[in-house]
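Participant: I have a structure here, written as structure tokens, and I will follow up with some questions on it.
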Amino acid sequence: MIQCRWCILTTVKIISFSNQKGGTGKTTACVNTAAALVKTGERALIIDLDPQGNTTVSVGIKLKPEDLTVSEFILRGARIEDLMLDSYMADLSVIPSDTTLAHTEFELVSENKNQFFLKKAIEKNGDALASFDYILIDCPPSLSLLTVNGLCASDYVVVPVLCDYLSLEGLSHLMETVEEIKKKLNPSLEVLGILPNMIDRRLRITEESLALMKKEFGGLVFKNGINVCSRLRESPSFGKAIFDYAASSTAAEDFLAAAREIKRRVIK
Ligand SMILES: Nc1ncnc2c1ncn2[C@@H]1O[C@H](COP(=O)(O)OP(=O)(O)OP(=O)(O)O)[C@@H](O)[C@H]1O
Ligand SMILES: [Mg+2]
């Protein structure tokens, strides 16, 4: 929830998509959940907090040299009006990222209270951000200072996870880290859910992993996971969310269901 000097806003929900393991579907889930939220009548902002800039590209944004990025937002006090870009979808805006964010992280290391720079930037821009219903943050694949900034600025975290043994190993570690951050840095952080991704019902490992996840984490596991879908893999190269690339695909259905579940889980 955003708090600013002039007003206390409790309506904007901030959700990080995080998993220290690479390639679990953080970016895919962030982009397509945001698009699904927009399809269901919400206004959404994505903050791309990954120097890879995958989210920025996935919604059709080609950065120009003069565009400001999330680095200026976090470190140099740039105003949201000056750096927010429109995506190809009405009601979906983006604070973009590029490789300079890796250097920003390096600069952050020597700063005091460096876990809270993103949170402070969001709070400072509370008025301009109040028109959004959701802010979704795409975190990088590490438990780095950038990820900690994402989690400290969030009300909730969604954890996309693959249905295999190594992903489950990493999941317990991530849940412990989130618990640590909640205890020490951001008491209002909640795990909104674990989102199984690339579900392939033909594979025994998928069924076994889903069963283990549910045994270990119970109701935290989303009912509506995301099935493996080749159209989802193609859509970023067209700069489109799945709804505008392959509207009748299973992934479009899955993400609409996941977004509805997210809306039910978020306390309005
Ligand atoms: N359900 C799915 N079906 C098919 N392909 C998928 C699915 N989910 C993700 N992918 C593909 O898997 C790859 C990794 O996904 P994505 O980039 O979203 O993961 P990530 O966790 O953000 O990666 P990183 O850790 O590098 O940030 C991408 O090529 C993406 O298109
Ligand atoms: Mg990513």
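We label chains A, B, ... in the order they appear in the structure tokens, count residues from 1 in each chain, and number ligands from 1 in the order shown.
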Can you tell me which residues surround A:Arg260 at a distance of at most 10 Å, considering only C-alpha atoms, apart from same-chain residues fewer than 4 positions away, and format the answer as a ChimeraX atom specification?

Facilitator: /A:33,36-37,40,224,254-256,264-265

Participant: Any chance you can output those residues with N, CA and C atoms as a PDB file, in the first residue's frame?

Facilitator:
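So again-v8.pdb came out as:
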```pdb
ATOM      1  N   THR A  33      -0.221 -11.475 -16.172  1.00  0.00           N
ATOM      2  CA  THR A  33      -1.151 -11.166 -15.084  1.00  0.00           C
ATOM      3  C   THR A  33      -1.586  -9.709 -15.183  1.00  0.00           C
ATOM      4  N   ALA A  36      -4.041  -9.475 -17.894  1.00  0.00           N
ATOM      5  CA  ALA A  36      -5.316 -10.077 -17.478  1.00  0.00           C
ATOM      6  C   ALA A  36      -6.067  -9.152 -16.522  1.00  0.00           C
ATOM      7  N   LEU A  37      -5.326  -8.495 -15.644  1.00  0.00           N
ATOM      8  CA  LEU A  37      -5.977  -7.543 -14.722  1.00  0.00           C
ATOM      9  C   LEU A  37      -6.610  -6.404 -15.517  1.00  0.00           C
ATOM     10  N   THR A  40      -9.744  -7.369 -17.077  1.00  0.00           N
ATOM     11  CA  THR A  40     -10.873  -7.469 -16.145  1.00  0.00           C
ATOM     12  C   THR A  40     -11.188  -6.121 -15.488  1.00  0.00           C
ATOM     13  N   ASN A 224      -5.186 -22.215  -9.878  1.00  0.00           N
ATOM     14  CA  ASN A 224      -5.038 -22.056 -11.316  1.00  0.00           C
ATOM     15  C   ASN A 224      -3.579 -21.811 -11.687  1.00  0.00           C
ATOM     16  N   ASP A 254      -5.616 -19.631 -18.720  1.00  0.00           N
ATOM     17  CA  ASP A 254      -4.918 -19.832 -17.436  1.00  0.00           C
ATOM     18  C   ASP A 254      -4.628 -18.493 -16.747  1.00  0.00           C
ATOM     19  N   PHE A 255      -4.171 -17.516 -17.526  1.00  0.00           N
ATOM     20  CA  PHE A 255      -3.821 -16.235 -16.895  1.00  0.00           C
ATOM     21  C   PHE A 255      -5.055 -15.450 -16.455  1.00  0.00           C
ATOM     22  N   LEU A 256      -6.153 -15.603 -17.183  1.00  0.00           N
ATOM     23  CA  LEU A 256      -7.380 -14.947 -16.714  1.00  0.00           C
ATOM     24  C   LEU A 256      -7.822 -15.554 -15.385  1.00  0.00           C
ATOM     25  N   ARG A 264      -9.174 -12.327  -5.859  1.00  0.00           N
ATOM     26  CA  ARG A 264      -9.890 -12.865  -4.688  1.00  0.00           C
ATOM     27  C   ARG A 264      -8.975 -12.885  -3.471  1.00  0.00           C
ATOM     28  N   ARG A 265      -7.701 -13.194  -3.694  1.00  0.00           N
ATOM     29  CA  ARG A 265      -6.783 -13.337  -2.564  1.00  0.00           C
ATOM     30  C   ARG A 265      -6.354 -11.992  -1.962  1.00  0.00           C
TER      31      ARG A 265
END
```

Participant: Could the residues of chain A that have an atom at most 10 Å from ligand 1 be listed as JSON lines, each with its closest atom pair and the distance in Å to one decimal, counting only C-alpha atoms and all ligand atoms and ordered by chain and ascending residue number?

Facilitator:
```
{"residue": "A:Phe17", "atom": "CA", "partner": "ligand 1", "partner_atom_place_in_ligand_line": "22 (O)", "distance": 8.7}
{"residue": "A:Ser18", "atom": "CA", "partner": "ligand 1", "partner_atom_place_in_ligand_line": "21 (O)", "distance": 7.8}
{"residue": "A:Asn19", "atom": "CA", "partner": "ligand 1", "partner_atom_place_in_ligand_line": "21 (O)", "distance": 7.0}
{"residue": "A:Gln20", "atom": "CA", "partner": "ligand 1", "partner_atom_place_in_ligand_line": "25 (O)", "distance": 7.2}
{"residue": "A:Lys21", "atom": "CA", "partner": "ligand 1", "partner_atom_place_in_ligand_line": "25 (O)", "distance": 6.0}
{"residue": "A:Gly22", "atom": "CA", "partner": "ligand 1", "partner_atom_place_in_ligand_line": "25 (O)", "distance": 3.1}
{"residue": "A:Gly23", "atom": "CA", "partner": "ligand 1", "partner_atom_place_in_ligand_line": "23 (O)", "distance": 3.4}
{"residue": "A:Thr24", "atom": "CA", "partner": "ligand 1", "partner_atom_place_in_ligand_line": "21 (O)", "distance": 3.9}
{"residue": "A:Gly25", "atom": "CA", "partner": "ligand 1", "partner_atom_place_in_ligand_line": "18 (O)", "distance": 3.3}
{"residue": "A:Lys26", "atom": "CA", "partner": "ligand 1", "partner_atom_place_in_ligand_line": "22 (O)", "distance": 3.8}
{"residue": "A:Thr27", "atom": "CA", "partner": "ligand 1", "partner_atom_place_in_ligand_line": "22 (O)", "distance": 3.7}
{"residue": "A:Thr28", "atom": "CA", "partner": "ligand 1", "partner_atom_place_in_ligand_line": "18 (O)", "distance": 3.6}
{"residue": "A:Ala29", "atom": "CA", "partner": "ligand 1", "partner_atom_place_in_ligand_line": "18 (O)", "distance": 6.4}
{"residue": "A:Cys30", "atom": "CA", "partner": "ligand 1", "partner_atom_place_in_ligand_line": "18 (O)", "distance": 8.0}
{"residue": "A:Val31", "atom": "CA", "partner": "ligand 1", "partner_atom_place_in_ligand_line": "18 (O)", "distance": 8.5}
{"residue": "A:Asn32", "atom": "CA", "partner": "ligand 1", "partner_atom_place_in_ligand_line": "18 (O)", "distance": 9.7}
{"residue": "A:Leu49", "atom": "CA", "partner": "ligand 1", "partner_atom_place_in_ligand_line": "27 (O)", "distance": 9.8}
{"residue": "A:Asp50", "atom": "CA", "partner": "ligand 1", "partner_atom_place_in_ligand_line": "27 (O)", "distance": 7.1}
{"residue": "A:Pro51", "atom": "CA", "partner": "ligand 1", "partner_atom_place_in_ligand_line": "27 (O)", "distance": 9.2}
{"residue": "A:Gln52", "atom": "CA", "partner": "ligand 1", "partner_atom_place_in_ligand_line": "27 (O)", "distance": 7.3}
{"residue": "A:Gly53", "atom": "CA", "partner": "ligand 1", "partner_atom_place_in_ligand_line": "27 (O)", "distance": 8.9}
{"residue": "A:Asn54", "atom": "CA", "partner": "ligand 1", "partner_atom_place_in_ligand_line": "17 (O)", "distance": 6.9}
{"residue": "A:Thr55", "atom": "CA", "partner": "ligand 1", "partner_atom_place_in_ligand_line": "22 (O)", "distance": 8.2}
{"residue": "A:Ser58", "atom": "CA", "partner": "ligand 1", "partner_atom_place_in_ligand_line": "17 (O)", "distance": 9.5}
{"residue": "A:Asp138", "atom": "CA", "partner": "ligand 1", "partner_atom_place_in_ligand_line": "22 (O)", "distance": 7.5}
{"residue": "A:Cys139", "atom": "CA", "partner": "ligand 1", "partner_atom_place_in_ligand_line": "27 (O)", "distance": 7.2}
{"residue": "A:Pro140", "atom": "CA", "partner": "ligand 1", "partner_atom_place_in_ligand_line": "27 (O)", "distance": 5.3}
{"residue": "A:Pro141", "atom": "CA", "partner": "ligand 1", "partner_atom_place_in_ligand_line": "25 (O)", "distance": 4.2}
{"residue": "A:Ser142", "atom": "CA", "partner": "ligand 1", "partner_atom_place_in_ligand_line": "25 (O)", "distance": 7.9}
{"residue": "A:Val159", "atom": "CA", "partner": "ligand 1", "partner_atom_place_in_ligand_line": "21 (O)", "distance": 9.5}
{"residue": "A:Pro160", "atom": "CA", "partner": "ligand 1", "partner_atom_place_in_ligand_line": "21 (O)", "distance": 7.4}
{"residue": "A:Val161", "atom": "CA", "partner": "ligand 1", "partner_atom_place_in_ligand_line": "21 (O)", "distance": 8.4}
{"residue": "A:Leu162", "atom": "CA", "partner": "ligand 1", "partner_atom_place_in_ligand_line": "8 (N)", "distance": 8.8}
{"residue": "A:Pro196", "atom": "CA", "partner": "ligand 1", "partner_atom_place_in_ligand_line": "1 (N)", "distance": 8.9}
{"residue": "A:Asn197", "atom": "CA", "partner": "ligand 1", "partner_atom_place_in_ligand_line": "1 (N)", "distance": 5.3}
{"residue": "A:Met198", "atom": "CA", "partner": "ligand 1", "partner_atom_place_in_ligand_line": "1 (N)", "distance": 3.9}
{"residue": "A:Ile199", "atom": "CA", "partner": "ligand 1", "partner_atom_place_in_ligand_line": "1 (N)", "distance": 6.9}
{"residue": "A:Asp200", "atom": "CA", "partner": "ligand 1", "partner_atom_place_in_ligand_line": "1 (N)", "distance": 9.0}
{"residue": "A:Gly225", "atom": "CA", "partner": "ligand 1", "partner_atom_place_in_ligand_line": "1 (N)", "distance": 8.8}
{"residue": "A:Ile226", "atom": "CA", "partner": "ligand 1", "partner_atom_place_in_ligand_line": "1 (N)", "distance": 5.2}
{"residue": "A:Asn227", "atom": "CA", "partner": "ligand 1", "partner_atom_place_in_ligand_line": "1 (N)", "distance": 5.0}
{"residue": "A:Val228", "atom": "CA", "partner": "ligand 1", "partner_atom_place_in_ligand_line": "3 (N)", "distance": 3.5}
{"residue": "A:Cys229", "atom": "CA", "partner": "ligand 1", "partner_atom_place_in_ligand_line": "3 (N)", "distance": 3.9}
{"residue": "A:Ser230", "atom": "CA", "partner": "ligand 1", "partner_atom_place_in_ligand_line": "4 (C)", "distance": 4.9}
{"residue": "A:Arg231", "atom": "CA", "partner": "ligand 1", "partner_atom_place_in_ligand_line": "4 (C)", "distance": 7.1}
{"residue": "A:Leu232", "atom": "CA", "partner": "ligand 1", "partner_atom_place_in_ligand_line": "4 (C)", "distance": 5.3}
{"residue": "A:Arg233", "atom": "CA", "partner": "ligand 1", "partner_atom_place_in_ligand_line": "31 (O)", "distance": 3.3}
{"residue": "A:Glu234", "atom": "CA", "partner": "ligand 1", "partner_atom_place_in_ligand_line": "31 (O)", "distance": 6.4}
{"residue": "A:Ser235", "atom": "CA", "partner": "ligand 1", "partner_atom_place_in_ligand_line": "31 (O)", "distance": 7.4}
{"residue": "A:Pro236", "atom": "CA", "partner": "ligand 1", "partner_atom_place_in_ligand_line": "31 (O)", "distance": 6.9}
{"residue": "A:Ser237", "atom": "CA", "partner": "ligand 1", "partner_atom_place_in_ligand_line": "31 (O)", "distance": 9.1}
{"residue": "A:Thr250", "atom": "CA", "partner": "ligand 1", "partner_atom_place_in_ligand_line": "1 (N)", "distance": 9.3}
{"residue": "A:Ala251", "atom": "CA", "partner": "ligand 1", "partner_atom_place_in_ligand_line": "1 (N)", "distance": 6.8}
{"residue": "A:Asp254", "atom": "CA", "partner": "ligand 1", "partner_atom_place_in_ligand_line": "1 (N)", "distance": 9.1}
{"residue": "A:Phe255", "atom": "CA", "partner": "ligand 1", "partner_atom_place_in_ligand_line": "1 (N)", "distance": 9.7}
```

Participant: Could you give me the residues within stretch 39-267 of chain A that DSSP places in strand (DSSP E), as a PyMOL selection string?

Facilitator: chain A and resi 44-48+85-86+92-95+134-138+156-162+190-197

Participant: Quick one: residues within 12 Å of stretch 118-131 of chain A, only C-alpha atoms counted, chain neighbours fewer than 5 positions away excluded, as number ranges by chain?

Facilitator: A: 1-14, 42-49, 70-84, 91-95, 104-105, 108, 113, 137, 145-155, 185-186

Participant: Store the residues of this selection in a file with C-alpha atoms, as a tab-separated table (two decimals), in the first residue's frame.

Facilitator:
```
chain	number	residue	atom	x	y	z
A	1	MET	CA	0.00	0.00	0.00
A	2	ILE	CA	1.32	3.40	-0.91
A	3	GLN	CA	1.61	6.09	1.72
A	4	CYS	CA	2.51	9.63	0.77
A	5	ARG	CA	3.00	12.86	2.61
A	6	TRP	CA	-0.38	14.27	1.66
A	7	CYS	CA	-2.57	11.22	1.63
A	8	ILE	CA	-2.68	7.64	2.77
A	9	LEU	CA	-3.68	5.41	-0.13
A	10	THR	CA	-4.80	1.95	0.69
A	11	THR	CA	-6.30	0.95	-2.62
A	12	VAL	CA	-3.19	0.37	-4.76
A	13	LYS	CA	-1.93	-3.20	-4.31
A	14	ILE	CA	1.76	-3.78	-4.92
A	42	GLU	CA	-8.21	-2.75	-13.59
A	43	ARG	CA	-5.48	-0.19	-14.22
A	44	ALA	CA	-1.99	-1.63	-13.84
A	45	LEU	CA	1.59	-0.43	-13.72
A	46	ILE	CA	4.55	-2.76	-14.18
A	47	ILE	CA	7.89	-1.85	-12.63
A	48	ASP	CA	10.64	-3.72	-14.47
A	49	LEU	CA	13.23	-4.34	-11.76
A	70	VAL	CA	13.81	2.59	-13.24
A	71	SER	CA	17.41	3.48	-12.32
A	72	GLU	CA	16.56	7.20	-12.39
A	73	PHE	CA	13.39	6.45	-10.40
A	74	ILE	CA	15.23	4.59	-7.65
A	75	LEU	CA	18.47	6.52	-7.37
A	76	ARG	CA	18.01	9.99	-8.82
A	77	GLY	CA	14.51	11.02	-7.78
A	78	ALA	CA	13.01	11.15	-11.29
A	79	ARG	CA	9.28	11.83	-11.21
A	80	ILE	CA	6.89	9.15	-12.31
A	81	GLU	CA	5.34	11.46	-14.94
A	82	ASP	CA	8.75	11.82	-16.58
A	83	LEU	CA	9.62	8.15	-16.84
A	84	MET	CA	6.43	6.13	-17.07
A	91	ASP	CA	-4.48	1.08	-18.87
A	92	LEU	CA	-1.13	-0.72	-18.71
A	93	SER	CA	1.89	1.49	-18.06
A	94	VAL	CA	5.51	0.55	-17.47
A	95	ILE	CA	8.51	1.88	-15.61
A	104	THR	CA	22.49	1.17	-10.18
A	105	GLU	CA	22.48	-1.85	-7.90
A	108	LEU	CA	23.06	1.30	-4.09
A	113	LYS	CA	19.06	1.93	4.27
A	137	ILE	CA	7.11	-5.66	-9.92
A	145	LEU	CA	19.58	-5.93	-3.36
A	146	LEU	CA	17.20	-5.21	-6.24
A	147	THR	CA	14.96	-8.12	-5.22
A	148	VAL	CA	15.09	-7.00	-1.59
A	149	ASN	CA	14.02	-3.50	-2.76
A	150	GLY	CA	11.12	-5.09	-4.66
A	151	LEU	CA	10.02	-7.11	-1.64
A	152	CYS	CA	10.37	-4.17	0.75
A	153	ALA	CA	8.14	-2.05	-1.51
A	154	SER	CA	5.45	-4.74	-1.86
A	155	ASP	CA	2.31	-5.78	-0.05
A	185	LEU	CA	12.30	-5.26	6.96
A	186	ASN	CA	8.68	-5.33	5.77
```

Participant: Here is a test: counting only C-alpha atoms, which residue of A:Ser249, A:Ile181, A:Val59, A:Asp98 is nearest to A:Ala35?

Facilitator: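 Counting only C-alpha atoms, the residue closest to A:Ala35 is A:Val59.
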
Participant: Can you measure atom CA of A:Ala102 to atom CA of A:Asp86 for me? One decimal in Å is fine.

Facilitator: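 These two atoms are separated by 23.5 Å.
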
Participant: Taking the backbone alone, and naming residues the way the document does, which bits of stretch 72-197 of chain A are alpha helix (DSSP H) by DSSP, as a CSV table (one decimal) with N, CA and C atoms, in the first residue's frame?

Facilitator:
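And here's states.csv as it stands now:
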```
chain,number,residue,atom,x,y,z
A,72,GLU,N,16.8,5.8,-12.8
A,72,GLU,CA,16.6,7.2,-12.4
A,72,GLU,C,15.5,7.3,-11.3
A,73,PHE,N,14.5,6.4,-11.4
A,73,PHE,CA,13.4,6.4,-10.4
A,73,PHE,C,13.9,6.1,-9.0
A,74,ILE,N,14.8,5.1,-9.0
A,74,ILE,CA,15.2,4.6,-7.6
A,74,ILE,C,16.3,5.5,-7.1
A,75,LEU,N,17.3,5.9,-7.9
A,75,LEU,CA,18.5,6.5,-7.4
A,75,LEU,C,18.5,8.0,-7.5
A,80,ILE,N,7.6,10.2,-11.6
A,80,ILE,CA,6.9,9.1,-12.3
A,80,ILE,C,6.4,9.7,-13.7
A,81,GLU,N,5.9,10.9,-13.7
A,81,GLU,CA,5.3,11.5,-14.9
A,81,GLU,C,6.4,11.5,-16.0
A,82,ASP,N,7.7,11.7,-15.6
A,82,ASP,CA,8.8,11.8,-16.6
A,82,ASP,C,9.3,10.5,-17.1
A,83,LEU,N,9.0,9.4,-16.4
A,83,LEU,CA,9.6,8.1,-16.8
A,83,LEU,C,8.7,7.0,-17.2
A,100,THR,N,21.5,-0.7,-17.5
A,100,THR,CA,22.1,0.3,-16.5
A,100,THR,C,21.7,0.0,-15.1
A,101,LEU,N,20.6,-0.8,-15.0
A,101,LEU,CA,20.1,-1.1,-13.6
A,101,LEU,C,21.1,-2.0,-12.9
A,102,ALA,N,21.9,-2.7,-13.6
A,102,ALA,CA,23.0,-3.5,-12.9
A,102,ALA,C,24.0,-2.6,-12.2
A,103,HIS,N,24.3,-1.5,-12.8
A,103,HIS,CA,25.2,-0.5,-12.2
A,103,HIS,C,24.5,0.2,-11.1
A,104,THR,N,23.3,0.5,-11.3
A,104,THR,CA,22.5,1.2,-10.2
A,104,THR,C,22.5,0.3,-8.9
A,105,GLU,N,22.4,-1.0,-9.1
A,105,GLU,CA,22.5,-1.9,-7.9
A,105,GLU,C,23.8,-1.7,-7.2
A,106,PHE,N,24.9,-1.6,-8.0
A,106,PHE,CA,26.2,-1.5,-7.5
A,106,PHE,C,26.3,-0.2,-6.7
A,107,GLU,N,25.8,0.9,-7.3
A,107,GLU,CA,25.8,2.2,-6.6
A,107,GLU,C,25.0,2.2,-5.3
A,108,LEU,N,23.9,1.4,-5.3
A,108,LEU,CA,23.1,1.3,-4.1
A,108,LEU,C,23.8,0.7,-2.9
A,117,PHE,N,15.0,2.0,-1.1
A,117,PHE,CA,15.0,3.0,-2.1
A,117,PHE,C,13.8,3.0,-3.1
A,118,LEU,N,13.4,1.8,-3.5
A,118,LEU,CA,12.2,1.7,-4.3
A,118,LEU,C,11.0,2.1,-3.6
A,119,LYS,N,10.9,1.6,-2.4
A,119,LYS,CA,9.7,1.9,-1.5
A,119,LYS,C,9.6,3.5,-1.4
A,120,LYS,N,10.7,4.1,-1.1
A,120,LYS,CA,10.7,5.6,-0.9
A,120,LYS,C,10.3,6.3,-2.2
A,121,ALA,N,10.8,5.8,-3.3
A,121,ALA,CA,10.5,6.4,-4.6
A,121,ALA,C,9.0,6.3,-4.9
A,122,ILE,N,8.4,5.1,-4.6
A,122,ILE,CA,7.0,4.9,-4.8
A,122,ILE,C,6.2,5.8,-3.9
A,123,GLU,N,6.6,5.9,-2.6
A,123,GLU,CA,5.9,6.8,-1.7
A,123,GLU,C,5.9,8.2,-2.1
A,124,LYS,N,7.1,8.6,-2.6
A,124,LYS,CA,7.2,10.0,-3.0
A,124,LYS,C,6.3,10.4,-4.2
A,126,GLY,N,3.3,9.0,-4.6
A,126,GLY,CA,2.0,8.4,-4.2
A,126,GLY,C,0.9,9.0,-5.0
A,127,ASP,N,0.9,10.3,-5.1
A,127,ASP,CA,-0.3,11.0,-5.8
A,127,ASP,C,-0.4,10.5,-7.2
A,128,ALA,N,0.7,10.5,-7.9
A,128,ALA,CA,0.6,10.1,-9.3
A,128,ALA,C,0.3,8.7,-9.5
A,129,LEU,N,0.6,7.9,-8.5
A,129,LEU,CA,0.4,6.4,-8.7
A,129,LEU,C,-1.0,6.0,-8.2
A,145,LEU,N,20.1,-7.2,-3.9
A,145,LEU,CA,19.6,-5.9,-3.4
A,145,LEU,C,18.4,-5.4,-4.1
A,146,LEU,N,18.4,-5.6,-5.4
A,146,LEU,CA,17.2,-5.2,-6.2
A,146,LEU,C,16.0,-6.0,-5.8
A,147,THR,N,16.1,-7.3,-5.7
A,147,THR,CA,15.0,-8.1,-5.2
A,147,THR,C,14.5,-7.7,-3.8
A,148,VAL,N,15.5,-7.4,-2.9
A,148,VAL,CA,15.1,-7.0,-1.6
A,148,VAL,C,14.3,-5.7,-1.7
A,149,ASN,N,14.8,-4.8,-2.6
A,149,ASN,CA,14.0,-3.5,-2.8
A,149,ASN,C,12.6,-3.8,-3.2
A,150,GLY,N,12.5,-4.7,-4.2
A,150,GLY,CA,11.1,-5.1,-4.7
A,150,GLY,C,10.3,-5.6,-3.5
A,151,LEU,N,10.8,-6.5,-2.7
A,151,LEU,CA,10.0,-7.1,-1.6
A,151,LEU,C,9.7,-6.1,-0.5
A,152,CYS,N,10.6,-5.2,-0.3
A,152,CYS,CA,10.4,-4.2,0.8
A,152,CYS,C,9.3,-3.2,0.3
A,165,TYR,N,12.0,-31.1,-9.6
A,165,TYR,CA,12.7,-31.3,-8.3
A,165,TYR,C,13.5,-30.1,-7.8
A,166,LEU,N,14.4,-29.6,-8.7
A,166,LEU,CA,15.3,-28.5,-8.4
A,166,LEU,C,14.5,-27.3,-8.0
A,167,SER,N,13.4,-27.0,-8.7
A,167,SER,CA,12.6,-25.8,-8.4
A,167,SER,C,12.0,-25.9,-7.0
A,168,LEU,N,11.6,-27.1,-6.6
A,168,LEU,CA,11.0,-27.3,-5.3
A,168,LEU,C,12.1,-27.1,-4.2
A,169,GLU,N,13.3,-27.5,-4.5
A,169,GLU,CA,14.4,-27.3,-3.6
A,169,GLU,C,14.6,-25.8,-3.3
A,170,GLY,N,14.6,-25.0,-4.4
A,170,GLY,CA,14.8,-23.6,-4.2
A,170,GLY,C,13.6,-22.9,-3.6
A,171,LEU,N,12.4,-23.5,-3.7
A,171,LEU,CA,11.2,-22.8,-3.2
A,171,LEU,C,11.3,-22.7,-1.7
A,172,SER,N,11.7,-23.7,-1.0
A,172,SER,CA,11.7,-23.7,0.5
A,172,SER,C,12.7,-22.6,0.9
A,173,HIS,N,13.8,-22.4,0.2
A,173,HIS,CA,14.8,-21.4,0.5
A,173,HIS,C,14.2,-20.0,0.3
A,174,LEU,N,13.5,-19.9,-0.8
A,174,LEU,CA,12.9,-18.6,-1.0
A,174,LEU,C,11.8,-18.2,0.0
A,175,MET,N,11.0,-19.2,0.4
A,175,MET,CA,10.0,-18.9,1.4
A,175,MET,C,10.6,-18.5,2.8
A,176,GLU,N,11.8,-19.1,3.1
A,176,GLU,CA,12.5,-18.7,4.3
A,176,GLU,C,13.0,-17.2,4.2
A,177,THR,N,13.5,-16.9,3.0
A,177,THR,CA,14.0,-15.5,2.8
A,177,THR,C,12.8,-14.5,2.9
A,178,VAL,N,11.7,-14.8,2.3
A,178,VAL,CA,10.6,-13.9,2.4
A,178,VAL,C,10.2,-13.7,3.9
A,179,GLU,N,10.2,-14.8,4.6
A,179,GLU,CA,9.9,-14.8,6.1
A,179,GLU,C,10.8,-13.8,6.8
A,180,GLU,N,12.1,-14.0,6.5
A,180,GLU,CA,13.2,-13.1,7.1
A,180,GLU,C,12.9,-11.6,6.8
A,181,ILE,N,12.6,-11.4,5.5
A,181,ILE,CA,12.3,-10.0,5.1
A,181,ILE,C,11.1,-9.4,5.8
A,182,LYS,N,10.1,-10.3,5.9
A,182,LYS,CA,8.9,-9.9,6.7
A,182,LYS,C,9.2,-9.5,8.1
A,183,LYS,N,10.0,-10.4,8.7
A,183,LYS,CA,10.4,-10.2,10.2
A,183,LYS,C,11.2,-8.9,10.3
A,184,LYS,N,12.2,-8.7,9.5
A,184,LYS,CA,13.2,-7.7,9.7
A,184,LYS,C,13.0,-6.4,9.0
```
